Amino acid sequence: MAEAIRLARQNITSGLGGPFGAVVVKNGEIIARGTNRVTCDNDPTAHAEVVAIREACKALDSFQLDECEIYCSCEPCPMCLGAIYWARPARIYFAAGRNDAADAGFDDNFIYKEIGANINERKIPASQILRNEAVEVFREWKESDIKIPY
């Protein structure tokens with residue numbers, strides 16, 4: 001955890017992004033590090049956890065983080081939590097909480113509320129179109145002999 005916090009602090013002084021750091025550990029060894037790179041990469045998905053997950057998956061040559069742990073300098077936001085669950089590590093550790101982040105200007109409460117809202121009540125309008133065509137693609141996936149399930 002100390003390394004994740006160190007990375008968060010270093011990211012402030014480097015000016016590369018927000019005050020967030022994350023590391024992925026396997027068998028007691030750090031295999032990947034990530035810092036928030038949203039502003040320097042112009043990538044709203046470049047949160048520390050996502051950057052660390054991408055690096056860890058490259059290092060492991062796998063799309064899953066089996067038997068890994070992820071250490072985050074702050075409680076993961078909804079996007080990062082989703083990415084972490086898709087990566088399937090064994091455990092998540094975090095230091096600062098979501099309220100600490102909100103106090104510093106990083107308030108994800110809006111997104112937590114939006115996720116729980118009905119689609120027609122969300123702030124960004126969403127419409128379902130071409131459902132039958134998309135369902136056909138899922139049918140093809142289910143029948144595929146070359147897919148890699150995950």
# chains A, B, ... in the order shown; residues from 1 in each chain; ligands from 1
call {"tool": "select_by_dssp", "arguments": {"residues": "region 52-105 of chain A", "states": "alpha helix (DSSP H)", "output": "ChimeraX atom specification"}}
result
/A:52-60,78-87,98-103
call {"tool": "write_last_selection", "arguments": {"atoms": "N, CA and C atoms", "output": "PDB file, in the first residue's frame"}}
result
ATOM      1  N   ALA A  52      -2.802   0.138 -13.970  1.00  0.00           N
ATOM      2  CA  ALA A  52      -2.111  -0.984 -13.316  1.00  0.00           C
ATOM      3  C   ALA A  52      -2.632  -2.328 -13.810  1.00  0.00           C
ATOM      4  N   ILE A  53      -3.942  -2.437 -13.976  1.00  0.00           N
ATOM      5  CA  ILE A  53      -4.521  -3.689 -14.481  1.00  0.00           C
ATOM      6  C   ILE A  53      -3.999  -3.986 -15.882  1.00  0.00           C
ATOM      7  N   ARG A  54      -3.964  -2.983 -16.744  1.00  0.00           N
ATOM      8  CA  ARG A  54      -3.468  -3.192 -18.110  1.00  0.00           C
ATOM      9  C   ARG A  54      -2.026  -3.676 -18.096  1.00  0.00           C
ATOM     10  N   GLU A  55      -1.199  -3.052 -17.252  1.00  0.00           N
ATOM     11  CA  GLU A  55       0.211  -3.451 -17.173  1.00  0.00           C
ATOM     12  C   GLU A  55       0.360  -4.857 -16.597  1.00  0.00           C
ATOM     13  N   ALA A  56      -0.429  -5.170 -15.585  1.00  0.00           N
ATOM     14  CA  ALA A  56      -0.349  -6.502 -14.971  1.00  0.00           C
ATOM     15  C   ALA A  56      -0.777  -7.581 -15.958  1.00  0.00           C
ATOM     16  N   CYS A  57      -1.822  -7.329 -16.702  1.00  0.00           N
ATOM     17  CA  CYS A  57      -2.282  -8.321 -17.673  1.00  0.00           C
ATOM     18  C   CYS A  57      -1.243  -8.550 -18.761  1.00  0.00           C
ATOM     19  N   LYS A  58      -0.563  -7.489 -19.167  1.00  0.00           N
ATOM     20  CA  LYS A  58       0.534  -7.656 -20.134  1.00  0.00           C
ATOM     21  C   LYS A  58       1.643  -8.507 -19.528  1.00  0.00           C
ATOM     22  N   ALA A  59       2.001  -8.203 -18.282  1.00  0.00           N
ATOM     23  CA  ALA A  59       3.084  -8.934 -17.621  1.00  0.00           C
ATOM     24  C   ALA A  59       2.754 -10.411 -17.447  1.00  0.00           C
ATOM     25  N   LEU A  60       1.479 -10.698 -17.181  1.00  0.00           N
ATOM     26  CA  LEU A  60       1.054 -12.087 -16.970  1.00  0.00           C
ATOM     27  C   LEU A  60       0.626 -12.776 -18.255  1.00  0.00           C
ATOM     28  N   PRO A  78     -16.518   3.816  -9.472  1.00  0.00           N
ATOM     29  CA  PRO A  78     -17.343   2.780 -10.104  1.00  0.00           C
ATOM     30  C   PRO A  78     -16.703   2.154 -11.350  1.00  0.00           C
ATOM     31  N   MET A  79     -16.067   2.963 -12.191  1.00  0.00           N
ATOM     32  CA  MET A  79     -15.425   2.410 -13.389  1.00  0.00           C
ATOM     33  C   MET A  79     -14.297   1.454 -13.003  1.00  0.00           C
ATOM     34  N   CYS A  80     -13.462   1.896 -12.083  1.00  0.00           N
ATOM     35  CA  CYS A  80     -12.331   1.065 -11.678  1.00  0.00           C
ATOM     36  C   CYS A  80     -12.790  -0.194 -10.957  1.00  0.00           C
ATOM     37  N   LEU A  81     -13.816  -0.061 -10.139  1.00  0.00           N
ATOM     38  CA  LEU A  81     -14.338  -1.239  -9.460  1.00  0.00           C
ATOM     39  C   LEU A  81     -14.836  -2.261 -10.476  1.00  0.00           C
ATOM     40  N   GLY A  82     -15.512  -1.778 -11.520  1.00  0.00           N
ATOM     41  CA  GLY A  82     -15.947  -2.681 -12.587  1.00  0.00           C
ATOM     42  C   GLY A  82     -14.765  -3.357 -13.260  1.00  0.00           C
ATOM     43  N   ALA A  83     -13.725  -2.584 -13.566  1.00  0.00           N
ATOM     44  CA  ALA A  83     -12.531  -3.151 -14.204  1.00  0.00           C
ATOM     45  C   ALA A  83     -11.862  -4.176 -13.294  1.00  0.00           C
ATOM     46  N   ILE A  84     -11.804  -3.862 -12.017  1.00  0.00           N
ATOM     47  CA  ILE A  84     -11.194  -4.792 -11.058  1.00  0.00           C
ATOM     48  C   ILE A  84     -11.983  -6.099 -11.013  1.00  0.00           C
ATOM     49  N   TYR A  85     -13.298  -6.002 -10.962  1.00  0.00           N
ATOM     50  CA  TYR A  85     -14.106  -7.222 -10.936  1.00  0.00           C
ATOM     51  C   TYR A  85     -13.935  -8.029 -12.217  1.00  0.00           C
ATOM     52  N   TRP A  86     -13.850  -7.358 -13.377  1.00  0.00           N
ATOM     53  CA  TRP A  86     -13.623  -8.087 -14.625  1.00  0.00           C
ATOM     54  C   TRP A  86     -12.252  -8.764 -14.619  1.00  0.00           C
ATOM     55  N   ALA A  87     -11.262  -8.152 -13.982  1.00  0.00           N
ATOM     56  CA  ALA A  87      -9.913  -8.727 -13.938  1.00  0.00           C
ATOM     57  C   ALA A  87      -9.810  -9.874 -12.936  1.00  0.00           C
ATOM     58  N   ARG A  98     -13.980   6.901  -0.449  1.00  0.00           N
ATOM     59  CA  ARG A  98     -14.662   7.734  -1.448  1.00  0.00           C
ATOM     60  C   ARG A  98     -15.006   9.114  -0.898  1.00  0.00           C
ATOM     61  N   ASN A  99     -15.303   9.218   0.382  1.00  0.00           N
ATOM     62  CA  ASN A  99     -15.601  10.533   0.956  1.00  0.00           C
ATOM     63  C   ASN A  99     -14.353  11.404   1.044  1.00  0.00           C
ATOM     64  N   ASP A 100     -13.205  10.780   1.280  1.00  0.00           N
ATOM     65  CA  ASP A 100     -11.940  11.529   1.271  1.00  0.00           C
ATOM     66  C   ASP A 100     -11.677  12.088  -0.121  1.00  0.00           C
ATOM     67  N   ALA A 101     -11.943  11.279  -1.137  1.00  0.00           N
ATOM     68  CA  ALA A 101     -11.758  11.735  -2.520  1.00  0.00           C
ATOM     69  C   ALA A 101     -12.723  12.871  -2.842  1.00  0.00           C
ATOM     70  N   ALA A 102     -13.966  12.737  -2.407  1.00  0.00           N
ATOM     71  CA  ALA A 102     -14.957  13.790  -2.655  1.00  0.00           C
ATOM     72  C   ALA A 102     -14.524  15.103  -2.012  1.00  0.00           C
ATOM     73  N   ASP A 103     -13.962  15.018  -0.821  1.00  0.00           N
ATOM     74  CA  ASP A 103     -13.489  16.217  -0.132  1.00  0.00           C
ATOM     75  C   ASP A 103     -12.371  16.913  -0.903  1.00  0.00           C
TER      76      ASP A 103
END
call {"tool": "residues_around", "arguments": {"residues": "Gly97 (chain A)", "least_positions_apart": "5", "cutoff": "12 Å", "atoms": "only C-alpha atoms", "output": "VMD selection string"}}
result
chain A and resid 20 72 to 77 102 to 104 106 to 108
call {"tool": "write_last_selection", "arguments": {"atoms": "N, CA and C atoms", "output": "PDB file, in the first residue's frame"}}
result
ATOM      1  N   PHE A  20      -3.642   9.692  -7.503  1.00  0.00           N
ATOM      2  CA  PHE A  20      -4.052   8.302  -7.345  1.00  0.00           C
ATOM      3  C   PHE A  20      -2.944   7.368  -7.827  1.00  0.00           C
ATOM      4  N   CYS A  72      -4.841   0.063  -3.884  1.00  0.00           N
ATOM      5  CA  CYS A  72      -5.233   1.350  -4.447  1.00  0.00           C
ATOM      6  C   CYS A  72      -5.088   2.427  -3.382  1.00  0.00           C
ATOM      7  N   SER A  73      -4.526   3.567  -3.771  1.00  0.00           N
ATOM      8  CA  SER A  73      -4.356   4.644  -2.798  1.00  0.00           C
ATOM      9  C   SER A  73      -5.691   5.213  -2.346  1.00  0.00           C
ATOM     10  N   CYS A  74      -6.749   4.929  -3.102  1.00  0.00           N
ATOM     11  CA  CYS A  74      -8.087   5.401  -2.757  1.00  0.00           C
ATOM     12  C   CYS A  74      -9.105   4.343  -3.154  1.00  0.00           C
ATOM     13  N   GLU A  75     -10.233   4.329  -2.474  1.00  0.00           N
ATOM     14  CA  GLU A  75     -11.319   3.414  -2.827  1.00  0.00           C
ATOM     15  C   GLU A  75     -11.634   3.553  -4.311  1.00  0.00           C
ATOM     16  N   PRO A  76     -11.668   2.474  -5.056  1.00  0.00           N
ATOM     17  CA  PRO A  76     -11.898   2.559  -6.501  1.00  0.00           C
ATOM     18  C   PRO A  76     -13.251   3.189  -6.849  1.00  0.00           C
ATOM     19  N   CYS A  77     -13.231   4.016  -7.883  1.00  0.00           N
ATOM     20  CA  CYS A  77     -14.463   4.618  -8.393  1.00  0.00           C
ATOM     21  C   CYS A  77     -15.294   3.520  -9.073  1.00  0.00           C
ATOM     22  N   ALA A 102     -13.966  12.737  -2.407  1.00  0.00           N
ATOM     23  CA  ALA A 102     -14.957  13.790  -2.655  1.00  0.00           C
ATOM     24  C   ALA A 102     -14.524  15.103  -2.012  1.00  0.00           C
ATOM     25  N   ASP A 103     -13.962  15.018  -0.821  1.00  0.00           N
ATOM     26  CA  ASP A 103     -13.489  16.217  -0.132  1.00  0.00           C
ATOM     27  C   ASP A 103     -12.371  16.913  -0.903  1.00  0.00           C
ATOM     28  N   ALA A 104     -11.618  16.147  -1.684  1.00  0.00           N
ATOM     29  CA  ALA A 104     -10.528  16.706  -2.493  1.00  0.00           C
ATOM     30  C   ALA A 104     -10.998  17.106  -3.889  1.00  0.00           C
ATOM     31  N   PHE A 106     -12.937  15.016  -5.997  1.00  0.00           N
ATOM     32  CA  PHE A 106     -13.165  13.848  -6.856  1.00  0.00           C
ATOM     33  C   PHE A 106     -14.413  13.114  -6.370  1.00  0.00           C
ATOM     34  N   ASP A 107     -15.569  13.658  -6.666  1.00  0.00           N
ATOM     35  CA  ASP A 107     -16.819  13.121  -6.143  1.00  0.00           C
ATOM     36  C   ASP A 107     -17.480  12.212  -7.168  1.00  0.00           C
ATOM     37  N   ASP A 108     -17.488  10.923  -6.888  1.00  0.00           N
ATOM     38  CA  ASP A 108     -18.091   9.932  -7.771  1.00  0.00           C
ATOM     39  C   ASP A 108     -19.517   9.597  -7.375  1.00  0.00           C
TER      40      ASP A 108
END
call {"tool": "closest_residue", "arguments": {"among": "A:Ile12, A:Gly18, A:Asn118, A:Leu7", "to": "Gly105 (chain A)", "atoms": "only C-alpha atoms"}}
result
A:Gly18
call {"tool": "select_by_dssp", "arguments": {"residues": "region 44-101 of chain A", "states": "strand (DSSP E)", "output": "PyMOL selection string"}}
result
chain A and resi 68-74+91-96
call {"tool": "write_last_selection", "arguments": {"atoms": "C-alpha atoms", "output": "JSON list (two decimals), in the first residue's frame"}}
result
[["chain", "number", "residue", "atom", "x", "y", "z"],
["A", 68, "CYS", "CA", -3.24, -11.28, -7.53],
["A", 69, "GLU", "CA", -4.06, -8.48, -5.16],
["A", 70, "ILE", "CA", -4.59, -4.85, -6.09],
["A", 71, "TYR", "CA", -3.61, -2.03, -3.76],
["A", 72, "CYS", "CA", -5.23, 1.35, -4.45],
["A", 73, "SER", "CA", -4.36, 4.64, -2.80],
["A", 74, "CYS", "CA", -8.09, 5.40, -2.76],
["A", 91, "ARG", "CA", -8.44, -9.21, -3.11],
["A", 92, "ILE", "CA", -8.69, -5.41, -3.17],
["A", 93, "TYR", "CA", -7.05, -3.13, -0.62],
["A", 94, "PHE", "CA", -7.56, 0.64, -0.51],
["A", 95, "ALA", "CA", -6.35, 3.50, 1.68],
["A", 96, "ALA", "CA", -8.42, 6.70, 1.42]]
call {"tool": "atom_distance", "arguments": {"atom1": "CA of Asp41 (chain A)", "atom2": "CA of Val24 (chain A)"}}
result
21.2 Å
call {"tool": "atom_distance", "arguments": {"atom1": "CA of Asn109 (chain A)", "atom2": "CA of Arg9 (chain A)"}}
result
23.6 Å
call {"tool": "closest_residue", "arguments": {"among": "A:Leu130, A:Ile31, A:Asn36, A:Val25", "to": "Ala8 (chain A)", "atoms": "only C-alpha atoms"}}
result
A:Asn36
call {"tool": "atom_distance", "arguments": {"atom1": "CA of Glu49 (chain A)", "atom2": "CA of Ala4 (chain A)"}}
result
9.9 Å
call {"tool": "residues_around", "arguments": {"residues": "Ile124 (chain A)", "least_positions_apart": "2", "cutoff": "12 Å", "atoms": "only C-alpha atoms", "output": "PyMOL selection string"}}
result
chain A and resi 110-111+114-115+117-122+126-127
call {"tool": "residues_around", "arguments": {"residues": "Ala46 (chain A)", "least_positions_apart": "6", "cutoff": "9 Å", "atoms": "only C-alpha atoms", "output": "count of residues only"}}
result
5
